[in-house]
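Visitor: Provided herewith is a single structure, encoded as structure tokens, for subsequent inquiry.
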Amino acid sequence: MTVINQIEGNKSGGMNGTVIVPGDKSISHRAVLFGSIAEGKTEIDGFLNGADCRSTISCMRHLGINIEESEARVIVNGKGLFGLDKSETVLDTGNSGTTFRLISGILSGQEFESHLDGDSSIRKRPMGRIIKPLTMMGAKIKSENNNDLAPLSICPSSLHGIDYKTPVASAQVKSAILLAGLYADGETYVTEPVKSRDHTERMLGAFGANISINGNRVGISDHPSLKGMKITVPGDISSAAYFLAAGLIVPNSCITVLNVGINPTRSGIIDVIKEMGGNIVLENKRIESGEPVADITVRTSALHGIDISGDIIPALIDEIPVISVMASVADGTTTIRDASELRVKESDRVKTVTENLRAMGADIEPHEDGMTIIGGRPLHGAYIHTYKDHRLAMSMAVAGLIADGVTSFDDSSCVYVSYPGFFESLKKIRK
């Protein structure tokens, strides 16, 4: 991985070329987790070899799963629902909230004790939102410091199905409950206020689970026989977002991102780009391993401010930092609301986006559940505090492309979490 600690602006003749972004992080996690509790081999092409997904591989290996890796493929030799072994060590999920929450659901149904922990960021992220419903199912899951935060201990217990309404739309919470539902007697249902990303229900169904979907309500039945399968992971739209934004706001640019997953529960940024007046075209639409995929081309555009709130927020929550960069150079005002989940990501993204864009000269006002950005002010280089947040670092790198002078970073190595080759890809298409 190349770690670049500064970006020079205003010296680009445009961003032009074709980009292939890494595999979707959410799908890569799930392919390994579900393949581990399925019977037989699961072959994964396009796996994201980033730090977060490597945490998932590491945890499943500690639980006795043989996982083979080559340059282009990961093979998971699954052992079935009850084939996992007790880990001899604490399961370290690193910076990955997806690993932590989803594996908690699986471990709640095992016949051995487990201990889960992660890095300093994971220890700040709310785990009460999975502890409560899993406990309602009969799980013996406990915050070891009695503060609803990591580390957690999970002891053997008998699970039963529940009908649970989540207070927030969270794919991680929904997935933890559904995975526990595989081990629970009876049926388990999860109803969300707004539909979150649906990779779990799509993939579990493909593995052979009995899934029912009715709007924002998802159900699963107990003790299915999951079978290993072949999975092709599409490019991650969250990683593509940085190049879509760059192609829109850097003068004289035309960028095509190939093989991008456009799952409607994830593709809110495409709707936002269109509403802001962006020149964006989707071509070669197709279905791969049950997920919609397309090639996306953007060209430099005169963007204008919009209001972003309501049901679309879960479909673009990870893209809000780079959307904020787009808004800072758009004509007029952009308001982002109903996005309080930003407060409990790898960093408090309302605070950290505001801090760094203000340092670059943007007119941005934070709110408890979002921000207001008055666009049109010229940006200038600044010293960026990344807070070890990969999405913040990559978003500010995009801002640096159009800023006057040099934008430098205290630590840009955090991009390895989701996009190890980000700076190489950026350099490749920069003229």
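Simple scheme: letters A, B, ... for chains in structure tokens order, numbers from 1 for residues in each chain, numbers from 1 for ligands in the order shown.
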Need the shell around Arg197 of chain A: protein/DNA/RNA residues with any atom at most 8 Å away, counting only C-alpha atoms. Skip same-chain ones fewer than 6 positions apart. Format as a CSV table (one decimal) with N, CA, C and O atoms, in the first residue's frame?

Guide:
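Saved to around07.csv:
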chain,number,residue,atom,x,y,z
A,170,SER,N,-30.5,-0.3,10.7
A,170,SER,CA,-29.1,-0.7,10.8
A,170,SER,C,-29.0,-2.1,10.2
A,170,SER,O,-29.6,-3.1,10.8
A,171,ALA,N,-28.3,-2.3,9.1
A,171,ALA,CA,-28.1,-3.6,8.6
A,171,ALA,C,-27.3,-4.5,9.5
A,171,ALA,O,-27.5,-5.7,9.5
A,265,THR,N,-30.6,-0.5,-1.9
A,265,THR,CA,-30.5,-0.2,-0.5
A,265,THR,C,-29.1,0.5,-0.3
A,265,THR,O,-28.8,0.8,0.9
A,266,ARG,N,-28.3,0.6,-1.3
A,266,ARG,CA,-26.9,1.2,-1.2
A,266,ARG,C,-26.7,2.3,-2.1
A,266,ARG,O,-25.7,3.1,-1.9
A,314,PRO,N,-30.4,5.9,4.9
A,314,PRO,CA,-29.7,4.6,5.1
A,314,PRO,C,-29.0,4.1,3.8
A,314,PRO,O,-28.0,3.4,3.9
A,315,ALA,N,-29.5,4.5,2.7
A,315,ALA,CA,-28.9,4.1,1.4
A,315,ALA,C,-27.7,4.9,1.0
A,315,ALA,O,-27.1,4.6,-0.1

Visitor: At a cut-off of 7 Å, using only C-alpha atoms, what residues contact segment 88-96 of chain A? Leave out same-chain residues fewer than 5 positions from it and give the result as an MDAnalysis selection string.

Guide: chainID A and resid 52 55:56 59 115:119 121:122

Visitor: Write out as a ChimeraX atom specification which residues come within 8 Å of segment 388-399 of chain A when counting only C-alpha atoms, dropping same-chain ones fewer than 5 positions away.

Guide: /A:7,242,245-246,318-319,321-322,325,346-347,349,352-353,356-357,379,407,409,411-418,422

Visitor: If you count only C-alpha atoms, which residues fall within 7 Å of segment 140-150 of chain A, apart from same-chain ones fewer than 4 positions away, as a CSV table (one decimal) with N, CA and C atoms, in the first residue's frame?

Guide:
chain,number,residue,atom,x,y,z
A,117,ASP,N,-13.6,-8.6,21.1
A,117,ASP,CA,-13.1,-7.2,21.4
A,117,ASP,C,-12.7,-6.6,20.0
A,122,ILE,N,-13.9,0.6,18.0
A,122,ILE,CA,-14.9,-0.4,18.3
A,122,ILE,C,-15.4,-0.3,19.8
A,123,ARG,N,-14.5,0.0,20.7
A,123,ARG,CA,-14.9,0.1,22.1
A,123,ARG,C,-15.7,1.3,22.4
A,124,LYS,N,-15.9,2.2,21.4
A,124,LYS,CA,-16.7,3.4,21.6
A,124,LYS,C,-18.1,3.2,20.9
A,125,ARG,N,-18.2,2.2,20.1
A,125,ARG,CA,-19.4,2.1,19.2
A,125,ARG,C,-20.5,1.3,20.0
A,126,PRO,N,-21.8,1.8,19.8
A,126,PRO,CA,-22.9,1.2,20.7
A,126,PRO,C,-23.2,-0.2,20.4
A,127,MET,N,-23.0,-1.1,21.4
A,127,MET,CA,-23.3,-2.5,21.2
A,127,MET,C,-24.6,-2.9,21.9
A,128,GLY,N,-25.2,-2.0,22.7
A,128,GLY,CA,-26.4,-2.2,23.4
A,128,GLY,C,-27.5,-2.5,22.3
A,131,ILE,N,-27.1,-6.2,21.9
A,131,ILE,CA,-27.2,-6.9,23.2
A,131,ILE,C,-28.7,-7.1,23.6
A,135,THR,N,-30.4,-10.7,23.7
A,135,THR,CA,-30.8,-11.2,25.1
A,135,THR,C,-32.3,-11.6,25.1
A,154,ILE,N,-19.9,-14.0,25.4
A,154,ILE,CA,-21.1,-14.7,25.0
A,154,ILE,C,-21.0,-16.2,25.5
A,155,CYS,N,-22.0,-16.6,26.3
A,155,CYS,CA,-22.0,-18.0,26.8
A,155,CYS,C,-23.1,-18.8,26.2
A,156,PRO,N,-23.0,-20.1,26.2
A,156,PRO,CA,-23.9,-21.0,25.6
A,156,PRO,C,-25.3,-20.8,26.2
A,157,SER,N,-26.3,-20.9,25.3
A,157,SER,CA,-27.7,-20.8,25.7
A,157,SER,C,-28.6,-21.3,24.6

Visitor: Grab the atom CA of Arg299 of chain A to atom CA of Leu248 of chain A distance for me, in Å with one decimal place.

Guide: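 Straight-line distance from atom CA of Arg299 of chain A to atom CA of Leu248 of chain A works out to 5.4 Å.
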
Visitor: Could you find all residues in segment 155-328 of chain A that DSSP calls strand (DSSP E or B) from the backbone, and write them as an MDAnalysis selection string?

Guide: chainID A and resid 155 160 163:165 185 187:191 211:214 217:221 227 230:232 235 254:261 279:288 291:299 304 307:308

Visitor: Taking only C-alpha atoms into account, produce a table as a tab-separated table in which each residue of segment 177-243 of chain A with an atom at most 7 Å from an atom of segment 37-44 of chain A appears once, together with its shortest atom pair and the distance in Å to one decimal, ordered by chain and rising number.

Guide:
residue	atom	partner	partner_atom	distance
A:Leu226	CA	A:Ala38	CA	4.5
A:Lys227	CA	A:Glu39	CA	4.9
A:Gly228	CA	A:Thr42	CA	4.5
A:Met229	CA	A:Thr42	CA	4.7
A:Lys230	CA	A:Glu43	CA	4.7
A:Ile231	CA	A:Ile44	CA	4.8
A:Thr232	CA	A:Ile44	CA	5.9
